[in-house]
Structures are given as C-alpha cells and as structure tokens.
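Structure data follow from protein.cif (mmCIF, C-alpha atoms, pLDDT in the B column; chains and numbers go by the auth columns):
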data_data
#
loop_
_atom_site.group_PDB
_atom_site.id
_atom_site.type_symbol
_atom_site.label_atom_id
_atom_site.label_comp_id
_atom_site.label_asym_id
_atom_site.label_seq_id
_atom_site.Cartn_x
_atom_site.Cartn_y
_atom_site.Cartn_z
_atom_site.B_iso_or_equiv
_atom_site.auth_seq_id
_atom_site.auth_asym_id
ATOM 1 C CA LEU A 1 31.573 -26.922 43.525 52.00 1 A
ATOM 2 C CA PHE A 2 32.655 -23.329 44.252 57.00 2 A
ATOM 3 C CA GLY A 3 29.193 -21.783 43.886 57.00 3 A
ATOM 4 C CA SER A 4 27.214 -20.587 40.912 57.00 4 A
ATOM 5 C CA PRO A 5 28.795 -18.956 37.875 60.00 5 A
ATOM 6 C CA GLY A 6 28.878 -15.197 38.484 59.00 6 A
ATOM 7 C CA ARG A 7 28.667 -15.554 42.254 62.00 7 A
ATOM 8 C CA GLU A 8 31.950 -13.720 42.916 66.00 8 A
ATOM 9 C CA GLU A 9 30.790 -10.486 41.292 72.00 9 A
ATOM 10 C CA ALA A 10 27.085 -10.858 42.175 77.00 10 A
ATOM 11 C CA THR A 11 26.982 -8.223 44.912 86.00 11 A
ATOM 12 C CA GLY A 12 28.840 -5.636 42.812 90.00 12 A
ATOM 13 C CA ARG A 13 26.579 -6.455 39.865 90.00 13 A
ATOM 14 C CA GLY A 14 23.555 -5.917 42.099 91.00 14 A
ATOM 15 C CA CYS A 15 24.862 -2.436 42.935 94.00 15 A
ATOM 16 C CA LEU A 16 25.149 -1.673 39.217 95.00 16 A
ATOM 17 C CA TYR A 17 21.656 -2.925 38.366 94.00 17 A
ATOM 18 C CA VAL A 18 19.833 -1.011 41.117 96.00 18 A
ATOM 19 C CA LEU A 19 21.826 2.110 40.326 97.00 19 A
ATOM 20 C CA GLU A 20 20.843 1.868 36.649 96.00 20 A
ATOM 21 C CA GLU A 21 17.180 1.580 37.615 96.00 21 A
ATOM 22 C CA ALA A 22 17.393 4.542 39.994 97.00 22 A
ATOM 23 C CA LEU A 23 19.053 6.635 37.292 98.00 23 A
ATOM 24 C CA LYS A 24 16.301 5.749 34.800 97.00 24 A
ATOM 25 C CA GLU A 25 13.825 7.371 37.199 95.00 25 A
ATOM 26 C CA GLN A 26 15.946 10.539 36.971 95.00 26 A
ATOM 27 C CA ASN A 27 16.309 10.309 33.173 97.00 27 A
ATOM 28 C CA LYS A 28 20.042 9.708 33.540 97.00 28 A
ATOM 29 C CA ALA A 29 22.435 6.980 32.469 96.00 29 A
ATOM 30 C CA ILE A 30 25.509 5.474 34.104 96.00 30 A
ATOM 31 C CA SER A 31 27.634 7.512 31.696 96.00 31 A
ATOM 32 C CA ASP A 32 26.208 10.725 33.229 96.00 32 A
ATOM 33 C CA ILE A 33 27.520 10.154 36.753 97.00 33 A
ATOM 34 C CA THR A 34 30.567 10.319 38.974 98.00 34 A
ATOM 35 C CA VAL A 35 31.027 7.718 41.702 98.00 35 A
ATOM 36 C CA ALA A 36 32.973 7.489 44.969 98.00 36 A
ATOM 37 C CA ILE A 37 33.469 4.046 46.517 98.00 37 A
ATOM 38 C CA GLN A 38 34.378 3.140 50.080 98.00 38 A
ATOM 39 C CA GLY A 39 35.983 -0.303 49.978 97.00 39 A
ATOM 40 C CA PHE A 40 37.755 -2.033 47.120 97.00 40 A
ATOM 41 C CA GLY A 41 37.309 -5.653 48.078 94.00 41 A
ATOM 42 C CA ASN A 42 34.927 -8.032 46.373 92.00 42 A
ATOM 43 C CA VAL A 43 31.915 -5.698 46.343 95.00 43 A
ATOM 44 C CA GLY A 44 33.659 -2.395 45.661 96.00 44 A
ATOM 45 C CA SER A 45 36.078 -3.593 43.005 97.00 45 A
ATOM 46 C CA HIS A 46 33.411 -5.432 41.013 96.00 46 A
ATOM 47 C CA ALA A 47 30.951 -2.538 41.314 97.00 47 A
ATOM 48 C CA ALA A 48 33.680 -0.147 40.136 98.00 48 A
ATOM 49 C CA ARG A 49 34.630 -2.364 37.198 97.00 49 A
ATOM 50 C CA LEU A 50 31.055 -2.905 36.069 96.00 50 A
ATOM 51 C CA ILE A 51 30.056 0.756 36.420 97.00 51 A
ATOM 52 C CA ALA A 52 33.203 1.869 34.564 98.00 52 A
ATOM 53 C CA GLU A 53 32.484 -0.644 31.777 97.00 53 A
ATOM 54 C CA ARG A 54 29.110 1.071 31.304 97.00 54 A
ATOM 55 C CA GLY A 55 30.720 4.500 31.098 97.00 55 A
ATOM 56 C CA GLY A 56 30.445 5.654 34.718 97.00 56 A
ATOM 57 C CA LYS A 57 33.335 7.696 36.044 98.00 57 A
ATOM 58 C CA ILE A 58 34.830 6.370 39.280 98.00 58 A
ATOM 59 C CA VAL A 59 36.529 9.459 40.711 98.00 59 A
ATOM 60 C CA ALA A 60 37.476 8.302 44.229 98.00 60 A
ATOM 61 C CA VAL A 61 38.145 5.006 45.989 98.00 61 A
ATOM 62 C CA ALA A 62 39.149 4.402 49.590 98.00 62 A
ATOM 63 C CA ASP A 63 40.086 1.236 51.420 97.00 63 A
ATOM 64 C CA HIS A 64 41.969 0.128 54.544 95.00 64 A
ATOM 65 C CA GLY A 65 45.182 1.756 53.263 95.00 65 A
ATOM 66 C CA GLY A 66 43.838 5.169 52.327 96.00 66 A
ATOM 67 C CA GLY A 67 42.109 6.926 49.482 97.00 67 A
ATOM 68 C CA ILE A 68 42.902 7.902 45.912 98.00 68 A
ATOM 69 C CA PHE A 69 41.182 10.185 43.438 98.00 69 A
ATOM 70 C CA ASN A 70 41.363 11.354 39.866 98.00 70 A
ATOM 71 C CA LYS A 71 38.851 13.975 38.689 96.00 71 A
ATOM 72 C CA ALA A 72 39.110 12.618 35.148 97.00 72 A
ATOM 73 C CA GLY A 73 38.197 9.146 36.407 98.00 73 A
ATOM 74 C CA LEU A 74 40.301 6.280 37.683 98.00 74 A
ATOM 75 C CA ASN A 75 41.440 3.567 35.289 98.00 75 A
ATOM 76 C CA ILE A 76 39.667 0.714 37.060 98.00 76 A
ATOM 77 C CA PRO A 77 41.253 -2.246 35.217 98.00 77 A
ATOM 78 C CA GLN A 78 44.702 -0.827 36.017 98.00 78 A
ATOM 79 C CA LEU A 79 43.666 -0.157 39.626 98.00 79 A
ATOM 80 C CA ILE A 80 42.433 -3.738 40.047 97.00 80 A
ATOM 81 C CA ALA A 81 45.715 -5.057 38.636 97.00 81 A
ATOM 82 C CA TYR A 82 47.678 -2.719 40.942 97.00 82 A
ATOM 83 C CA VAL A 83 45.780 -3.924 44.033 97.00 83 A
ATOM 84 C CA ASN A 84 46.145 -7.594 43.045 95.00 84 A
ATOM 85 C CA ASP A 85 49.908 -7.196 42.464 95.00 85 A
ATOM 86 C CA ASN A 86 50.436 -5.182 45.644 88.00 86 A
ATOM 87 C CA THR A 87 51.387 -7.231 48.739 84.00 87 A
ATOM 88 C CA SER A 88 49.342 -4.970 51.028 87.00 88 A
ATOM 89 C CA ARG A 89 46.327 -5.284 48.666 93.00 89 A
ATOM 90 C CA THR A 90 45.425 -1.605 48.881 96.00 90 A
ATOM 91 C CA VAL A 91 44.696 1.237 46.481 97.00 91 A
ATOM 92 C CA LYS A 92 47.215 3.406 48.338 96.00 92 A
ATOM 93 C CA GLY A 93 50.060 4.495 46.099 95.00 93 A
ATOM 94 C CA PHE A 94 48.277 3.923 42.782 96.00 94 A
ATOM 95 C CA PRO A 95 50.407 6.037 40.445 95.00 95 A
ATOM 96 C CA GLU A 96 47.612 7.512 38.303 92.00 96 A
ATOM 97 C CA ALA A 97 45.827 9.177 41.216 97.00 97 A
ATOM 98 C CA GLU A 98 46.235 11.645 44.047 98.00 98 A
ATOM 99 C CA PRO A 99 46.051 10.462 47.665 97.00 99 A
ATOM 100 C CA PHE A 100 43.573 11.603 50.323 97.00 100 A
ATOM 101 C CA GLU A 101 42.549 10.547 53.824 95.00 101 A
ATOM 102 C CA GLY A 102 40.341 7.491 53.255 94.00 102 A
ATOM 103 C CA SER A 103 37.544 8.542 55.609 93.00 103 A
ATOM 104 C CA GLU A 104 36.897 11.587 53.395 96.00 104 A
ATOM 105 C CA VAL A 105 35.388 9.361 50.703 97.00 105 A
ATOM 106 C CA MET A 106 32.050 9.394 52.521 97.00 106 A
ATOM 107 C CA THR A 107 31.714 13.115 51.839 97.00 107 A
ATOM 108 C CA TRP A 108 33.374 13.159 48.406 98.00 108 A
ATOM 109 C CA ASP A 109 31.969 15.426 45.713 97.00 109 A
ATOM 110 C CA ALA A 110 30.389 12.740 43.519 98.00 110 A
ATOM 111 C CA ASP A 111 26.892 12.026 42.263 98.00 111 A
ATOM 112 C CA VAL A 112 26.862 8.539 43.772 98.00 112 A
ATOM 113 C CA LEU A 113 28.428 7.099 46.906 98.00 113 A
ATOM 114 C CA ILE A 114 28.833 3.350 47.296 98.00 114 A
ATOM 115 C CA PRO A 115 29.766 2.377 50.849 98.00 115 A
ATOM 116 C CA ALA A 116 30.953 -1.157 50.093 97.00 116 A
ATOM 117 C CA ALA A 117 33.001 -2.175 53.100 95.00 117 A
ATOM 118 C CA LEU A 118 32.002 -1.212 56.623 93.00 118 A
ATOM 119 C CA GLU A 119 28.921 -1.262 58.787 94.00 119 A
ATOM 120 C CA ASP A 120 28.041 2.130 60.316 96.00 120 A
ATOM 121 C CA ALA A 121 30.201 4.071 57.838 96.00 121 A
ATOM 122 C CA ILE A 122 27.645 6.884 57.532 97.00 122 A
ATOM 123 C CA THR A 123 26.657 8.176 60.945 97.00 123 A
ATOM 124 C CA ILE A 124 25.198 11.210 62.620 97.00 124 A
ATOM 125 C CA HIS A 125 28.756 12.604 62.611 97.00 125 A
ATOM 126 C CA ASN A 126 29.215 12.691 58.808 97.00 126 A
ATOM 127 C CA ALA A 127 25.705 12.454 57.302 98.00 127 A
ATOM 128 C CA ASN A 128 25.264 16.225 57.068 98.00 128 A
ATOM 129 C CA ASP A 129 28.465 16.415 55.004 98.00 129 A
ATOM 130 C CA VAL A 130 27.507 13.723 52.462 98.00 130 A
ATOM 131 C CA ARG A 131 27.370 15.376 49.031 98.00 131 A
ATOM 132 C CA ALA A 132 26.216 12.434 46.902 98.00 132 A
ATOM 133 C CA LYS A 133 22.586 12.491 45.818 98.00 133 A
ATOM 134 C CA ILE A 134 22.399 8.692 45.595 98.00 134 A
ATOM 135 C CA ILE A 135 23.816 6.161 48.028 98.00 135 A
ATOM 136 C CA VAL A 136 23.985 2.522 46.972 98.00 136 A
ATOM 137 C CA GLU A 137 24.579 0.391 50.058 97.00 137 A
ATOM 138 C CA GLY A 138 26.999 -2.319 48.938 96.00 138 A
ATOM 139 C CA ALA A 139 28.057 -3.131 52.503 95.00 139 A
ATOM 140 C CA ASN A 140 25.740 -4.511 55.149 94.00 140 A
ATOM 141 C CA SER A 141 24.174 -1.709 57.233 95.00 141 A
ATOM 142 C CA PRO A 142 26.581 1.062 56.235 97.00 142 A
ATOM 143 C CA THR A 143 24.103 3.800 57.252 97.00 143 A
ATOM 144 C CA THR A 144 22.914 4.178 60.832 98.00 144 A
ATOM 145 C CA PRO A 145 19.209 4.889 61.409 97.00 145 A
ATOM 146 C CA GLU A 146 20.020 8.418 62.631 98.00 146 A
ATOM 147 C CA ALA A 147 22.130 9.128 59.534 98.00 147 A
ATOM 148 C CA ASN A 148 19.377 7.714 57.325 97.00 148 A
ATOM 149 C CA GLU A 149 16.947 10.257 58.752 98.00 149 A
ATOM 150 C CA ILE A 150 19.377 13.135 58.089 98.00 150 A
ATOM 151 C CA LEU A 151 20.010 11.966 54.523 98.00 151 A
ATOM 152 C CA TYR A 152 16.297 11.538 53.838 97.00 152 A
ATOM 153 C CA LYS A 153 15.659 15.135 54.926 98.00 153 A
ATOM 154 C CA LYS A 154 18.462 16.260 52.580 97.00 154 A
ATOM 155 C CA GLY A 155 16.749 14.505 49.673 97.00 155 A
ATOM 156 C CA VAL A 156 19.392 11.804 49.252 98.00 156 A
ATOM 157 C CA LEU A 157 18.130 8.612 47.615 98.00 157 A
ATOM 158 C CA ILE A 158 19.360 5.619 49.605 98.00 158 A
ATOM 159 C CA ILE A 159 19.219 2.247 47.910 97.00 159 A
ATOM 160 C CA PRO A 160 19.267 -0.098 50.898 96.00 160 A
ATOM 161 C CA ASP A 161 21.668 -2.976 51.315 94.00 161 A
ATOM 162 C CA ILE A 162 18.873 -5.532 51.381 93.00 162 A
ATOM 163 C CA LEU A 163 18.207 -4.626 47.745 93.00 163 A
ATOM 164 C CA ALA A 164 21.583 -3.400 46.468 90.00 164 A
ATOM 165 C CA ASN A 165 23.734 -6.276 47.700 83.00 165 A
ATOM 166 C CA ALA A 166 21.105 -9.013 47.604 77.00 166 A
ATOM 167 C CA GLY A 167 22.847 -10.738 44.708 66.00 167 A
ATOM 168 C CA GLY A 168 25.511 -12.012 47.081 58.00 168 A
#

Would you encode the structure as structure tokens?
Amino acid sequence: LFGSPGREEATGRGCLYVLEEALKEQNKAISDITVAIQGFGNVGSHAARLIAERGGKIVAVADHGGGIFNKAGLNIPQLIAYVNDNTSRTVKGFPEAEPFEGSEVMTWDADVLIPAALEDAITIHNANDVRAKIIVEGANSPTTPEANEILYKKGVLIIPDILANAGG
C-alpha cells in the first residue's frame, strides 16, 4: 500500500541523522555548517530540506540542468517549489541564486558535501580538489576506491553510503 509512512524521505533523513552524529563528535551542530549537494531528486531535496529545517545553510546545489549557489544560503522550500513547478524539473534558473557549472559542486567551498545522485562522482580526477571536510554519501557508491584513499589522506571524513542512505 505505497510503502511505510516516511519512506519517501527516508534516505535524505538518514543523511541528516548521520551528519548530526558526526558533527557531535566535532562539537558542532547542523546550524554551524554550510552544505553543497550534488543531486536534487528524492535524496538530495529531502536532505536539503531537513538540514535547512535544523538550521544548516545549503549554499550550493547541482543537478542534471546545472548548478546554483547563494552564499547566504538557498531558500530550500522555495527551491523545491520551483523545481516541482518547472517542466524540466531542474534547479537551473532559480531566481534567488547565481548559476555555476554543475560539476563544480564536488569541489565547492562548503563544510559538507552530499553527493546524492551519481555513482563515481568523486574520482581520482577531482578528489584532490574536494574542499569539504565531511562527505555524506547519499548516492550509491559516489566515491571511487582511489578517490577514497586520497580523501582519507587529506583528513576528510567520509560517511559511507551503506550507512548514510540505508534508510531507503
């Protein structure tokens, strides 16, 4: 009968919960961080909404149409409404943000990166340029093994997909 209550947002909620726990270990709260998200489908949009509701600042989002950013933080409820009302279902063109090349989100200047769309999004080719100190894997296998090794040596905390998106 259409699944369990809460199933639709379960993966995004999982990203929020593991991020909160990781931040506790660093004596930080959601309200202390900036977040960049790759993908604004089911996982990315729910993670963005839930993190923003807790005071996190979503500063950049990219999807199949491109990327948008706002240093002051994106208005996530308005962004969700914009994407849902937009026939191409993309963040591209959101009026309260500046555009950027979507692939740049992986190396955005944010405390947290949530790759929430594509497998192999972080590779040997961009891992050295990742600036986030925490990666929450919302997508399945977004980090290649070679990139994982580079990020580990850089001191980046990677919350693996098997934990972060297990709610789905």

Identify all residues satisfying the PyMOL selection byres ((chain A and resi 100) around 7) in the given file; provide them as a PDB file with C-alpha atoms, in the coordinates of the input.
ATOM      1  CA  GLY A  66      43.838   5.169  52.327  1.00 96.00           C
ATOM      2  CA  GLY A  67      42.109   6.926  49.482  1.00 97.00           C
ATOM      3  CA  ILE A  68      42.902   7.902  45.912  1.00 98.00           C
ATOM      4  CA  GLU A  98      46.235  11.645  44.047  1.00 98.00           C
ATOM      5  CA  PRO A  99      46.051  10.462  47.665  1.00 97.00           C
ATOM      6  CA  GLU A 101      42.549  10.547  53.824  1.00 95.00           C
ATOM      7  CA  GLY A 102      40.341   7.491  53.255  1.00 94.00           C
TER       8      GLY A 102
END

Close residues, A:Leu79 itself excluded, 12 Å, all atoms listed in the file, min 3 positions apart in chain, as a PyMOL selection string: chain A and resi 40-41+44-46+48-49+52+58+60-62+68-70+73-76+82-86+89-97

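Coordinates place atom CA of A:Val130 at a distance of 19.7 Å from atom CA of A:Gly56.
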
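Computed from the coordinates, the atom CA of A:Val18 to atom CA of A:Ala164 distance equals 6.1 Å.
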
Expansion of the PyMOL selection byres ((chain A and resi 126) around 10) into residues, as a JSON list (two decimals) with C-alpha atoms, in the coordinates of the input:
[["chain", "number", "residue", "atom", "x", "y", "z"],
["A", 103, "SER", "CA", 37.54, 8.54, 55.61],
["A", 104, "GLU", "CA", 36.90, 11.59, 53.40],
["A", 106, "MET", "CA", 32.05, 9.39, 52.52],
["A", 107, "THR", "CA", 31.71, 13.12, 51.84],
["A", 121, "ALA", "CA", 30.20, 4.07, 57.84],
["A", 122, "ILE", "CA", 27.64, 6.88, 57.53],
["A", 123, "THR", "CA", 26.66, 8.18, 60.94],
["A", 124, "ILE", "CA", 25.20, 11.21, 62.62],
["A", 125, "HIS", "CA", 28.76, 12.60, 62.61],
["A", 127, "ALA", "CA", 25.70, 12.45, 57.30],
["A", 128, "ASN", "CA", 25.26, 16.23, 57.07],
["A", 129, "ASP", "CA", 28.46, 16.42, 55.00],
["A", 130, "VAL", "CA", 27.51, 13.72, 52.46],
["A", 147, "ALA", "CA", 22.13, 9.13, 59.53],
["A", 150, "ILE", "CA", 19.38, 13.14, 58.09]]

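Interatomic distance, atom CA of A:Gln26 to atom CA of A:Arg54: 17.2 Å.
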
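Among the candidate residues A:Val35, A:Val156, A:Val59, A:Leu16, the one lying nearest to A:Gly138 is A:Leu16, with distances computed using only C-alpha atoms.
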
key: Expansion of the PyMOL selection byres ((chain A and resi 110-113) around 7) into residues, as a ChimeraX atom specification   = /A:33-37,108-109,114-115,131-136

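Using only C-alpha atoms for every distance, the candidate list A:Gly39, A:Pro77, A:Gly55, A:Pro145 yields A:Gly39 as the residue closest to A:Ala117.
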
Can you sort out the box for stretch 99-110 of chain A, edges along x, y and z, all listed atoms in, 8 Å on every side, with centre and edge lengths in Å to one decimal, as lines of an AutoDock Vina configuration file?
center_x = 38.2
center_y = 11.5
center_z = 49.6
size_x = 31.7
size_y = 23.9
size_z = 28.1

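Of the residues under consideration (A:Ala47, A:Ala29, A:Ala139, A:Leu163), A:Ala47 shows the shortest atom-to-atom contact distance to A:Gly12 when counting only C-alpha atoms.
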
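For the residues A:Ala72, A:Arg13, A:Ile158, A:Asn140, ranking by smallest atom-to-atom distance to A:Glu53 using all atoms listed in the file places A:Arg13 first.
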
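If all atoms listed in the file are the atoms counted, then among A:Asn42, A:Gln78, A:Thr11, A:Thr87 the closest residue to A:Glu137 is A:Thr11.
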
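Distance check against A:Ala116 using all atoms listed in the file: of A:Val43, A:Ala10, A:Leu23, A:Cys15, the minimum falls on A:Val43.
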